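The file start_4.txt contains compact mmCIF, C-alpha atoms and all ligand atoms:
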```txt
# COMPACT_ATOMS: atom_id res chain seq x y z
CA MET A 548 18.56 18.61 -43.04
CA ASP A 549 18.84 15.34 -41.12
CA GLU A 550 16.77 12.33 -40.09
CA VAL A 551 14.14 12.54 -42.81
CA ARG A 552 11.22 10.21 -42.01
CA VAL A 553 8.00 9.24 -43.72
CA TRP A 554 5.26 7.51 -41.71
CA ASN A 555 2.03 5.87 -42.88
CA ARG A 556 0.17 6.82 -39.70
CA VAL A 557 -0.33 9.83 -37.44
CA LEU A 558 2.16 9.96 -34.56
CA THR A 559 1.04 10.82 -31.05
CA GLN A 560 2.45 13.89 -29.36
CA ALA A 561 4.41 11.66 -26.98
CA GLU A 562 5.96 9.75 -29.90
CA ILE A 563 6.99 12.99 -31.59
CA GLN A 564 8.56 14.34 -28.40
CA SER A 565 10.41 11.17 -27.50
CA GLY A 566 11.81 10.69 -31.00
CA LYS A 567 12.63 14.21 -32.09
CA ASN A 568 16.25 14.07 -30.93
CA GLN A 569 16.81 10.39 -31.72
CA GLU A 570 17.95 8.41 -34.70
CA LEU A 571 15.06 6.05 -35.44
CA THR A 572 16.15 3.37 -37.89
CA SER A 573 12.83 1.55 -37.80
CA GLY A 574 9.40 1.71 -36.19
CA THR A 575 5.76 0.79 -36.62
CA GLY A 576 4.50 2.67 -39.66
CA LEU A 577 7.94 4.07 -40.52
CA ILE A 578 8.05 3.46 -44.28
CA GLY A 579 11.01 5.65 -45.19
CA ARG A 580 13.89 7.03 -43.17
CA TRP A 581 17.07 8.67 -44.43
CA GLY A 582 19.64 9.21 -41.66
CA LEU A 583 22.04 11.12 -43.98
CA ASN A 584 25.12 9.75 -42.18
CA GLU A 585 27.02 8.73 -45.34
CA ASN A 586 29.61 11.48 -45.12
CA GLY A 587 30.07 11.96 -48.87
CA ALA A 588 29.18 10.37 -52.19
CA THR A 589 25.75 10.79 -53.70
CA ALA A 590 23.65 8.09 -52.03
CA ALA A 591 21.20 8.71 -49.17
CA GLY A 592 20.42 5.30 -47.67
CA ASP A 593 16.94 4.38 -46.51
CA SER A 594 17.17 2.32 -43.29
CA THR A 595 13.65 0.89 -43.60
CA THR A 596 12.61 -2.24 -45.48
CA PRO A 597 12.25 -2.24 -48.39
CA ALA A 598 14.90 0.46 -48.72
CA GLN A 599 14.24 3.24 -51.18
CA ASN A 600 17.63 4.89 -51.34
CA GLY A 601 17.87 8.44 -52.55
CA THR A 602 20.35 10.09 -54.86
CA LEU A 603 21.96 13.35 -53.80
CA THR A 604 22.35 16.00 -56.46
CA ASN A 605 24.04 19.41 -56.69
CA GLY A 606 26.84 18.31 -54.30
CA PRO A 607 25.31 18.83 -50.84
CA VAL A 608 27.90 19.29 -48.09
CA TRP A 609 27.86 16.83 -45.22
CA THR A 610 28.59 18.56 -41.90
CA PRO A 611 29.81 16.32 -39.05
CA THR A 612 28.61 18.68 -36.31
CA ASP A 613 25.09 18.37 -37.65
CA LYS A 614 25.01 14.63 -37.15
CA ALA A 615 22.30 13.62 -34.71
CA VAL A 616 23.75 11.92 -31.64
CA LEU A 617 21.50 9.45 -29.90
CA GLY A 618 19.76 11.04 -26.96
CA ALA A 619 21.53 14.37 -27.16
CA CYS A 620 20.75 17.79 -28.55
CA LEU A 621 23.68 19.31 -30.41
CA ARG A 622 21.92 22.60 -30.92
CA ALA A 623 21.25 25.06 -28.13
CA PRO A 624 18.56 23.43 -26.02
CA ILE A 625 15.05 24.72 -26.12
CA PRO A 626 14.33 26.08 -22.64
CA ALA A 627 12.65 23.48 -20.40
CA CYS A 628 12.92 20.87 -23.16
CA CYS A 629 15.00 17.82 -22.30
CA THR A 630 15.79 14.17 -22.87
CA THR A 631 17.91 13.60 -19.74
CA SER A 632 17.79 14.96 -16.18
CA ALA A 633 21.31 16.31 -16.56
CA GLN A 634 20.02 18.78 -19.14
CA CYS A 635 17.70 20.24 -16.49
CA ASP A 636 20.43 21.32 -14.07
CA ASP A 637 19.38 24.74 -12.80
CA ALA A 638 22.62 25.18 -10.80
CA ASN A 639 20.54 25.28 -7.63
CA PRO A 640 21.50 22.48 -5.18
CA CYS A 641 18.24 23.03 -3.30
CA THR A 642 16.11 21.78 -6.20
CA THR A 643 16.12 18.23 -7.50
CA ASP A 644 16.12 18.40 -11.28
CA SER A 645 14.42 15.82 -13.45
CA CYS A 646 13.26 15.28 -17.01
CA GLY A 647 9.83 13.80 -17.62
CA ALA A 648 7.95 13.72 -20.94
CA ASN A 649 10.74 15.91 -22.37
CA THR A 650 9.95 18.65 -19.87
CA CYS A 651 12.23 19.79 -17.06
CA GLY A 652 10.90 19.66 -13.53
CA HIS A 653 12.42 21.11 -10.37
CA SER A 654 11.27 20.12 -6.91
CA ASN A 655 12.53 21.61 -3.66
CA ASN A 656 14.65 19.32 -1.51
CA THR A 657 16.05 19.37 2.02
CA ALA A 658 19.69 18.56 1.24
CA SER A 659 22.54 19.96 3.25
CA CYS A 660 24.12 22.89 1.46
CA ASN A 661 26.41 25.88 1.87
CA ASP A 662 24.79 29.30 1.86
CA GLY A 663 28.19 31.00 1.54
CA ASN A 664 27.60 32.83 4.82
CA ALA A 665 30.21 32.10 7.49
CA CYS A 666 27.86 33.52 10.14
CA THR A 667 25.27 30.77 9.69
CA VAL A 668 25.69 27.11 10.63
CA ASN A 669 23.87 23.83 9.93
CA ASP A 670 22.99 25.07 6.45
CA LEU A 671 20.03 23.24 4.92
CA CYS A 672 17.84 23.56 1.84
CA GLY A 673 14.25 24.68 2.33
CA GLY A 674 11.77 26.25 -0.04
CA GLY A 675 14.31 26.03 -2.83
CA THR A 676 16.95 28.12 -1.09
CA CYS A 677 19.85 27.41 1.23
CA GLY A 678 19.96 28.90 4.71
CA GLY A 679 21.34 28.27 8.16
CA THR A 680 21.05 29.21 11.80
CA ALA A 681 22.56 32.62 12.49
CA ILE A 682 25.52 32.83 14.86
CA THR A 683 27.51 35.81 16.05
CA VAL A 684 31.17 36.47 16.66
CA PRO A 685 31.74 35.07 20.17
CA THR A 686 31.29 37.58 22.95
CA GLU A 687 33.90 38.01 25.66
CA VAL A 688 34.61 34.84 27.62
CA ALA A 689 33.56 35.38 31.22
CA ASN A 690 34.25 33.95 34.65
CA LEU A 691 37.71 32.44 34.10
CA ARG A 692 38.43 30.64 37.38
CA PHE A 693 40.79 28.06 38.87
CA ALA A 694 39.79 24.90 40.67
CA SER A 695 41.22 24.02 44.06
CA ASP A 696 43.98 21.93 42.43
CA ASP A 697 45.51 25.21 41.19
CA ALA A 698 45.95 23.61 37.74
CA THR A 699 42.45 23.21 36.28
CA PHE A 700 40.69 26.32 35.10
CA THR A 701 37.32 26.78 33.45
CA TRP A 702 35.34 29.56 31.86
CA ASN A 703 31.86 30.33 30.62
CA THR A 704 31.72 29.71 26.89
CA ALA A 705 30.64 32.63 24.80
CA THR A 706 26.90 32.90 24.34
CA GLY A 707 25.30 33.13 20.91
CA ALA A 708 28.38 31.73 19.25
CA GLY A 709 26.67 28.51 18.18
CA PRO A 710 28.02 25.02 17.51
CA GLY A 711 31.57 24.83 16.29
CA THR A 712 32.83 27.48 18.69
CA VAL A 713 36.39 26.81 19.91
CA HIS A 714 38.72 28.62 22.28
CA ASP A 715 42.23 30.02 22.27
CA VAL A 716 44.15 30.35 25.54
CA VAL A 717 47.04 32.80 25.85
CA ARG A 718 49.49 32.50 28.73
CA GLY A 719 52.09 35.01 29.84
CA LEU A 720 54.15 36.06 32.81
CA VAL A 721 52.79 38.71 35.11
CA ALA A 722 56.20 40.42 34.90
CA GLY A 723 55.52 40.86 31.18
CA LEU A 724 52.24 42.76 31.50
CA PRO A 725 50.53 44.59 29.93
CA VAL A 726 49.09 42.10 27.46
CA GLY A 727 50.61 42.19 24.04
CA SER A 728 54.00 43.55 25.01
CA ALA A 729 56.24 40.69 26.15
CA PRO A 730 57.94 37.74 24.43
CA SER A 731 56.93 35.55 27.37
CA GLU A 732 53.37 35.43 25.95
CA SER A 733 52.43 32.33 24.04
CA CYS A 734 49.39 30.76 22.41
CA TRP A 735 49.21 28.10 25.07
CA GLN A 736 46.12 26.35 23.63
CA SER A 737 44.58 26.93 20.22
CA GLY A 738 41.21 25.80 18.88
CA ILE A 739 40.10 23.69 21.86
CA THR A 740 36.41 22.83 22.07
CA ALA A 741 36.23 22.36 25.85
CA ALA A 742 35.55 25.28 28.16
CA SER A 743 38.34 24.17 30.45
CA ALA A 744 42.07 23.40 30.46
CA VAL A 745 44.70 22.04 32.81
CA ASP A 746 48.09 23.69 33.22
CA ALA A 747 50.33 21.72 35.57
CA THR A 748 53.31 23.99 34.91
CA THR A 749 54.56 25.77 38.00
CA PRO A 750 56.03 29.23 37.42
CA THR A 751 59.49 29.86 38.86
CA PRO A 752 59.56 31.35 42.38
CA GLY A 753 58.65 35.02 42.34
CA GLN A 754 56.76 34.65 39.03
CA ALA A 755 53.11 34.09 38.16
CA PHE A 756 51.19 33.25 34.99
CA TRP A 757 48.23 35.14 33.63
CA TYR A 758 45.73 33.57 31.22
CA LEU A 759 43.32 34.99 28.67
CA VAL A 760 40.69 33.04 26.75
CA ARG A 761 38.77 34.03 23.68
CA GLY A 762 36.08 32.29 21.62
CA SER A 763 36.39 31.69 17.90
CA ASN A 764 33.96 30.40 15.28
CA SER A 765 33.43 30.54 11.51
CA CYS A 766 31.93 34.01 11.91
CA GLY A 767 35.02 35.51 13.55
CA LYS A 768 37.30 35.67 16.56
CA GLY A 769 36.11 37.11 19.84
CA THR A 770 37.86 39.58 22.07
CA TYR A 771 40.26 38.86 24.91
CA GLY A 772 38.34 41.48 26.84
CA TRP A 773 39.21 44.88 28.20
CA ALA A 774 41.61 46.06 30.81
CA GLU A 775 39.79 47.71 33.66
CA SER A 776 40.52 50.60 35.92
CA HIS A 777 38.36 50.79 39.07
CA GLY A 778 35.78 48.55 37.38
CA VAL A 779 35.63 50.65 34.21
CA PRO A 780 36.78 49.03 30.92
CA THR A 781 39.66 50.90 29.35
CA ALA A 782 41.84 49.53 26.52
CA GLN A 783 40.95 46.31 24.76
CA ARG A 784 43.52 43.58 25.36
CA VAL A 785 45.24 42.78 22.07
CA THR A 786 47.76 40.02 21.47
CA THR A 787 48.59 38.31 18.22
CA VAL A 788 50.25 35.16 19.52
CA CYS A 789 47.25 32.96 18.62
CA PRO A 790 46.53 32.79 14.88
CA CA A 801 18.87 21.83 -9.04
CA CA A 802 26.65 28.98 6.40
```
This structure in structure tokens:
Amino acid sequence: MDEVRVWNRVLTQAEIQSGKNQELTSGTGLIGRWGLNENGATAAGDSTTPAQNGTLTNGPVWTPTDKAVLGACLRAPIPACCTTSAQCDDANPCTTDSCGANTCGHSNNTASCNDGNACTVNDLCGGGTCGGTAITVPTEVANLRFASDDATFTWNTATGAGPGTVHDVVRGLVAGLPVGSAPSESCWQSGITAASAVDATTPTPGQAFWYLVRGSNSCGKGTYGWAESHGVPTAQRVTTVCP
């Protein structure tokens, strides 16, 4: 038992709800109130005026964890019953949680969020759930070509890969072909956003460089493409020099 109160008037529903988890030491019409916070002895003090203190008999045990704390419920909360907005947290970032008239409310918001899906981007809240725009693992980069300066090369960025797509460029020596077999291969550029690069390095006489580009995004890493024989794709080119 705690917070015993006697009133000389009928309380409104709103008054009952707002005061049920509070310590009320005084109030209009509150003619007796025993907070039972003494922690021992035999007196139960009345906080109203004039005080009519009580006497405890039969040795009642005072339990600290049962003490009412202002504005907080120490017992398991009654579902949808609250005194603060924090008590209404539904663990859903796409709803804004609030407490009004001791009742929890949840309204949908449009906050940025994370839907936990690496194959969606620009995740946003809508209708109480989090979702994003679907992207795919980048397709093969096409049309790798050199400009007339013999140093600048460009390619068509992978379609459907969405914002945030970057590129890896592998360079190797022609003498070290096929792809994936020679120590002369290196991850020449990694994670570049542009669909172009400039390599001013000149191979030694009698040598030539080859280049491969792949797309990469949060959904996955694209392919370096396939070797071809008479226009027919054969084995996929695999090299592990780029992370
Ligand atoms: Ca929420
Ligand atoms: Ca996502």
Taking all atoms listed in the file into account, list the residues no farther than 10 Å from ligand CA 802 (chain A), as a PDB file with C-alpha atoms, keeping the file's coordinate frame.
```pdb
ATOM      1  CA  CYS A 660      24.120  22.890   1.460  1.00  0.00           C
ATOM      2  CA  ASN A 661      26.410  25.880   1.870  1.00  0.00           C
ATOM      3  CA  ASP A 662      24.790  29.300   1.860  1.00  0.00           C
ATOM      4  CA  GLY A 663      28.190  31.000   1.540  1.00  0.00           C
ATOM      5  CA  ASN A 664      27.600  32.830   4.820  1.00  0.00           C
ATOM      6  CA  ALA A 665      30.210  32.100   7.490  1.00  0.00           C
ATOM      7  CA  CYS A 666      27.860  33.520  10.140  1.00  0.00           C
ATOM      8  CA  THR A 667      25.270  30.770   9.690  1.00  0.00           C
ATOM      9  CA  VAL A 668      25.690  27.110  10.630  1.00  0.00           C
ATOM     10  CA  ASN A 669      23.870  23.830   9.930  1.00  0.00           C
ATOM     11  CA  ASP A 670      22.990  25.070   6.450  1.00  0.00           C
ATOM     12  CA  LEU A 671      20.030  23.240   4.920  1.00  0.00           C
ATOM     13  CA  CYS A 677      19.850  27.410   1.230  1.00  0.00           C
ATOM     14  CA  GLY A 678      19.960  28.900   4.710  1.00  0.00           C
ATOM     15  CA  GLY A 679      21.340  28.270   8.160  1.00  0.00           C
ATOM     16  CA  THR A 680      21.050  29.210  11.800  1.00  0.00           C
ATOM     17  CA  ALA A 681      22.560  32.620  12.490  1.00  0.00           C
ATOM     18  CA  ILE A 682      25.520  32.830  14.860  1.00  0.00           C
ATOM     19  CA  SER A 765      33.430  30.540  11.510  1.00  0.00           C
ATOM     20  CA  CYS A 766      31.930  34.010  11.910  1.00  0.00           C
TER      21      CYS A 766
END
```
Is it possible to get the residues within 8 Å of (34.8, 40.0, 23.1) (coordinates as in the file, counting all atoms listed in the file) written as a PDB file with C-alpha atoms, keeping the file's coordinate frame?
```pdb
ATOM      1  CA  PRO A 685      31.740  35.070  20.170  1.00  0.00           C
ATOM      2  CA  THR A 686      31.290  37.580  22.950  1.00  0.00           C
ATOM      3  CA  GLU A 687      33.900  38.010  25.660  1.00  0.00           C
ATOM      4  CA  VAL A 688      34.610  34.840  27.620  1.00  0.00           C
ATOM      5  CA  ARG A 761      38.770  34.030  23.680  1.00  0.00           C
ATOM      6  CA  GLY A 762      36.080  32.290  21.620  1.00  0.00           C
ATOM      7  CA  GLY A 769      36.110  37.110  19.840  1.00  0.00           C
ATOM      8  CA  THR A 770      37.860  39.580  22.070  1.00  0.00           C
ATOM      9  CA  TYR A 771      40.260  38.860  24.910  1.00  0.00           C
ATOM     10  CA  GLY A 772      38.340  41.480  26.840  1.00  0.00           C
TER      11      GLY A 772
END
```
Find the nearest atom pair between each residue of chain A and ligand CA 801 (chain A) for residues within 12 Å, count only C-alpha atoms and all ligand atoms, give distances in Å to one decimal, sort rows by chain and ascending number, and present the table as a tab-separated table.
```
residue	atom	partner	partner_atom	distance
A:Ser632	CA	A:CA801	CA	10.0
A:Ala633	CA	A:CA801	CA	9.6
A:Gln634	CA	A:CA801	CA	10.6
A:Cys635	CA	A:CA801	CA	7.7
A:Asp636	CA	A:CA801	CA	5.3
A:Asp637	CA	A:CA801	CA	4.8
A:Ala638	CA	A:CA801	CA	5.3
A:Asn639	CA	A:CA801	CA	4.1
A:Pro640	CA	A:CA801	CA	4.7
A:Cys641	CA	A:CA801	CA	5.9
A:Thr642	CA	A:CA801	CA	4.0
A:Thr643	CA	A:CA801	CA	4.8
A:Asp644	CA	A:CA801	CA	4.9
A:Ser645	CA	A:CA801	CA	8.7
A:Cys646	CA	A:CA801	CA	11.7
A:Cys651	CA	A:CA801	CA	10.6
A:Gly652	CA	A:CA801	CA	9.4
A:His653	CA	A:CA801	CA	6.6
A:Ser654	CA	A:CA801	CA	8.1
A:Asn655	CA	A:CA801	CA	8.3
A:Asn656	CA	A:CA801	CA	9.0
A:Thr657	CA	A:CA801	CA	11.7
A:Ala658	CA	A:CA801	CA	10.8
A:Cys660	CA	A:CA801	CA	11.8
A:Cys672	CA	A:CA801	CA	11.1
A:Gly675	CA	A:CA801	CA	8.8
A:Thr676	CA	A:CA801	CA	10.3
A:Cys677	CA	A:CA801	CA	11.7
```
Please write the residues from the selection above to a file, keeping C-alpha atoms, as a PDB file, in the coordinates of the input.
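Dumped to again_4.pdb:
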```pdb
ATOM      1  CA  SER A 632      17.790  14.960 -16.180  1.00  0.00           C
ATOM      2  CA  ALA A 633      21.310  16.310 -16.560  1.00  0.00           C
ATOM      3  CA  GLN A 634      20.020  18.780 -19.140  1.00  0.00           C
ATOM      4  CA  CYS A 635      17.700  20.240 -16.490  1.00  0.00           C
ATOM      5  CA  ASP A 636      20.430  21.320 -14.070  1.00  0.00           C
ATOM      6  CA  ASP A 637      19.380  24.740 -12.800  1.00  0.00           C
ATOM      7  CA  ALA A 638      22.620  25.180 -10.800  1.00  0.00           C
ATOM      8  CA  ASN A 639      20.540  25.280  -7.630  1.00  0.00           C
ATOM      9  CA  PRO A 640      21.500  22.480  -5.180  1.00  0.00           C
ATOM     10  CA  CYS A 641      18.240  23.030  -3.300  1.00  0.00           C
ATOM     11  CA  THR A 642      16.110  21.780  -6.200  1.00  0.00           C
ATOM     12  CA  THR A 643      16.120  18.230  -7.500  1.00  0.00           C
ATOM     13  CA  ASP A 644      16.120  18.400 -11.280  1.00  0.00           C
ATOM     14  CA  SER A 645      14.420  15.820 -13.450  1.00  0.00           C
ATOM     15  CA  CYS A 646      13.260  15.280 -17.010  1.00  0.00           C
ATOM     16  CA  CYS A 651      12.230  19.790 -17.060  1.00  0.00           C
ATOM     17  CA  GLY A 652      10.900  19.660 -13.530  1.00  0.00           C
ATOM     18  CA  HIS A 653      12.420  21.110 -10.370  1.00  0.00           C
ATOM     19  CA  SER A 654      11.270  20.120  -6.910  1.00  0.00           C
ATOM     20  CA  ASN A 655      12.530  21.610  -3.660  1.00  0.00           C
ATOM     21  CA  ASN A 656      14.650  19.320  -1.510  1.00  0.00           C
ATOM     22  CA  THR A 657      16.050  19.370   2.020  1.00  0.00           C
ATOM     23  CA  ALA A 658      19.690  18.560   1.240  1.00  0.00           C
ATOM     24  CA  CYS A 660      24.120  22.890   1.460  1.00  0.00           C
ATOM     25  CA  CYS A 672      17.840  23.560   1.840  1.00  0.00           C
ATOM     26  CA  GLY A 675      14.310  26.030  -2.830  1.00  0.00           C
ATOM     27  CA  THR A 676      16.950  28.120  -1.090  1.00  0.00           C
ATOM     28  CA  CYS A 677      19.850  27.410   1.230  1.00  0.00           C
TER      29      CYS A 677
END
```
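With atom CA of A:Pro730 on one side and atom CA of A:Asp715 on the other, the separation reads 17.6 Å.
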Which residues, protein or nucleic acid, reach to within 8 Å of (56.7, 39.7, 21.0) in the file's coordinates when using all atoms listed in the file, and can you give that as a PyMOL selection string?
-> chain A and resi 727-732
May I have the residues from that selection written out with C-alpha atoms, as an mmCIF file, keeping the file's coordinate frame?
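Full text of again-v3.cif as output:
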```cif
data_model
loop_
_atom_site.group_PDB
_atom_site.id
_atom_site.type_symbol
_atom_site.label_atom_id
_atom_site.label_comp_id
_atom_site.auth_asym_id
_atom_site.auth_seq_id
_atom_site.Cartn_x
_atom_site.Cartn_y
_atom_site.Cartn_z
ATOM 1 C CA GLY A 727 50.610 42.190 24.040
ATOM 2 C CA SER A 728 54.000 43.550 25.010
ATOM 3 C CA ALA A 729 56.240 40.690 26.150
ATOM 4 C CA PRO A 730 57.940 37.740 24.430
ATOM 5 C CA SER A 731 56.930 35.550 27.370
ATOM 6 C CA GLU A 732 53.370 35.430 25.950
#
```
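Atom CA of A:Arg580 is found 8.1 Å from atom CA of A:Gly592.
Proximity of A:Trp702, A:Trp609, A:Phe693, A:Trp581 to A:Thr596, computed with only C-alpha atoms, is greatest for A:Trp581.
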Enter the distance from atom CA of A:Cys628 to atom CA of A:Gln569, in Å, rounded to one decimal.
-> 14.1 Å
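Closest to A:Asp549 among A:Asn690, A:Thr610, A:Thr699, A:Thr575 is A:Thr610, based on all atoms listed in the file.
With only C-alpha atoms taken into account, the protein and nucleic acid residues at most 7 Å from A:Tyr758 (excluding it and anything under 4 positions from it in its own chain) are Val716, Val717, Arg718 and Gly719 of chain A.
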Please enclose the listed atoms of stretch 718-727 of chain A in an axis-aligned box, pad each side by 3 Å, and write out the centre and the three edge lengths in Å, rounded to one decimal, as AutoDock Vina command-line options.
```
--center_x 52.6 --center_y 38.5 --center_z 29.6 --size_x 13.1 --size_y 18.1 --size_z 17.1
```
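All residues of protein, DNA or RNA that reach within 8 Å of A:Ala590, judged by all atoms listed in the file and not counting those fewer than 4 positions away in the chain, are Glu585, Asn600, Gly601, Thr602 and Leu603 of chain A.
Neighbouring residues of A:Glu562 at 12 Å or closer, counting only C-alpha atoms and skipping chain neighbours under 5 positions away, are Arg556, Val557, Lys567, Asn568, Gln569, Leu571, Gly574, Thr575, Ala648 and Asn649 of chain A.
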Write out as a VMD selection string each polymer residue whose atoms come within 10 Å of A:Asn586, counting all atoms listed in the file; drop sequence neighbours fewer than 2 positions from it.
-> chain A and resid 583 to 584 588 to 591 608 to 611 614
For A:Ile739, the closest of A:Gly711, A:Gly576, A:Gly674, A:Gly647 counting all atoms listed in the file is A:Gly711
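With all atoms listed in the file as the basis for measurement, A:Ala742 is the residue among A:Ala698, A:Ala742, A:Cys734, A:Val726 that approaches A:Thr712 most closely.
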